[in-house]
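Enquirer: Before I ask anything, let me first share the structure, which is written out below as structure tokens.
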Amino acid sequence: MINAIVLIHAEADRIPETAQAVADLAGVSEVYSCAGDIDLIAIVRVRDHAQIAEVVTERINRVQGVVKTATHIAFQSYSSADVEAGFSIGG
């Protein structure tokens with residue numbers, strides 16, 4: 001499974017509707033609204049790199065209210081349990 005983080009700039013008056021429309025797309029597992037320079041963050045989970053291009057360019061970028069996106073591919077996933085296990089001695 002390939003994970004991508006898509007940073008989305010959206011029209012300010014359409015953020016809730018845009019977030020829901022993006023969340024409803026196939027390949028998008030979750031969408032977060034956030035404070036700061038980015039309006040929305042979408043997590044895309046697909047089987048191959050070609051699908052990332054399809055989800056972002058053919059689906060997300062066509063949602064009404066999306067102004068601009070930046071996509072980041074995730075290489076490795078870390079959780080607090082993984083970090084704690086790495087520092088565990090004995091066990």
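In the structure tokens, each chain is lettered A, B, ... as it comes, each chain's residues begin at 1, and ligands are numbered from 1 in order of appearance.
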Using DSSP on the backbone coordinates, identify all residues within chain A classified as strand (DSSP E or B); present the result as a PyMOL selection string.
Expert: chain A and resi 2-10+28-33+40-46+66-73
Enquirer: Env of stretch 29-34 of chain A: 8 Å cut, atoms = only C-alpha atoms, seq-sep filter 2 positions within chain, self excluded. Answer as a list in words.
Expert: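 What passes the distance filter is Ile15, Ala19, Gln20, Val22, Ala23, Gly27, Gly36, Ile38, Asp39, Leu40, Ile41, Ala42, Ile43, Val44 and Arg45 of chain A.
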Enquirer: When you draw a straight line from atom CA of A:Ser77 to atom CA of A:Val46, how long is it in Å?
Expert: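 Interatomic distance here is 15.0 Å.
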Enquirer: Using only C-alpha atoms, which residues sit within 6 Å of A:Ala10 once same-chain residues fewer than 4 positions away are excluded, as an MDAnalysis selection string?
Expert: chainID A and resid 65:67
Enquirer: Separation of atom CA of A:Ala21 and atom CA of A:Ala74, in Å?
Expert: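 One can read the atom CA of A:Ala21 to atom CA of A:Ala74 distance as 23.1 Å.
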Enquirer: Go through stretch 1-78 of chain A and collect every residue that DSSP, computed from the backbone, puts in alpha helix (DSSP H); the answer should be as a VMD selection string.
Expert: chain A and resid 15 to 23 49 to 53
Enquirer: The selected residues should be written to file as a PDB file, in the first residue's frame (atoms: C-alpha atoms).
Expert:
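Output below, filename part08.pdb:
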ATOM      1  CA  ILE A  15     -13.707  24.577   2.939  1.00  0.00           C
ATOM      2  CA  PRO A  16     -16.323  22.308   4.597  1.00  0.00           C
ATOM      3  CA  GLU A  17     -17.958  21.351   1.281  1.00  0.00           C
ATOM      4  CA  THR A  18     -14.587  20.854  -0.387  1.00  0.00           C
ATOM      5  CA  ALA A  19     -13.345  18.685   2.490  1.00  0.00           C
ATOM      6  CA  GLN A  20     -16.414  16.449   2.293  1.00  0.00           C
ATOM      7  CA  ALA A  21     -16.210  16.147  -1.490  1.00  0.00           C
ATOM      8  CA  VAL A  22     -12.537  15.142  -1.269  1.00  0.00           C
ATOM      9  CA  ALA A  23     -13.269  12.678   1.566  1.00  0.00           C
ATOM     10  CA  HIS A  49       2.101   5.112  -7.899  1.00  0.00           C
ATOM     11  CA  ALA A  50      -0.040   5.459 -11.018  1.00  0.00           C
ATOM     12  CA  GLN A  51      -3.128   5.513  -8.807  1.00  0.00           C
ATOM     13  CA  ILE A  52      -1.740   8.451  -6.824  1.00  0.00           C
ATOM     14  CA  ALA A  53      -1.548  10.467 -10.026  1.00  0.00           C
TER      15      ALA A  53
END
Enquirer: Could you check how far atom CA of A:Ile73 sits from atom CA of A:Val6, in Å to one decimal?
Expert: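 Atom CA of A:Val6 lies at a distance of 8.7 Å from atom CA of A:Ile73.
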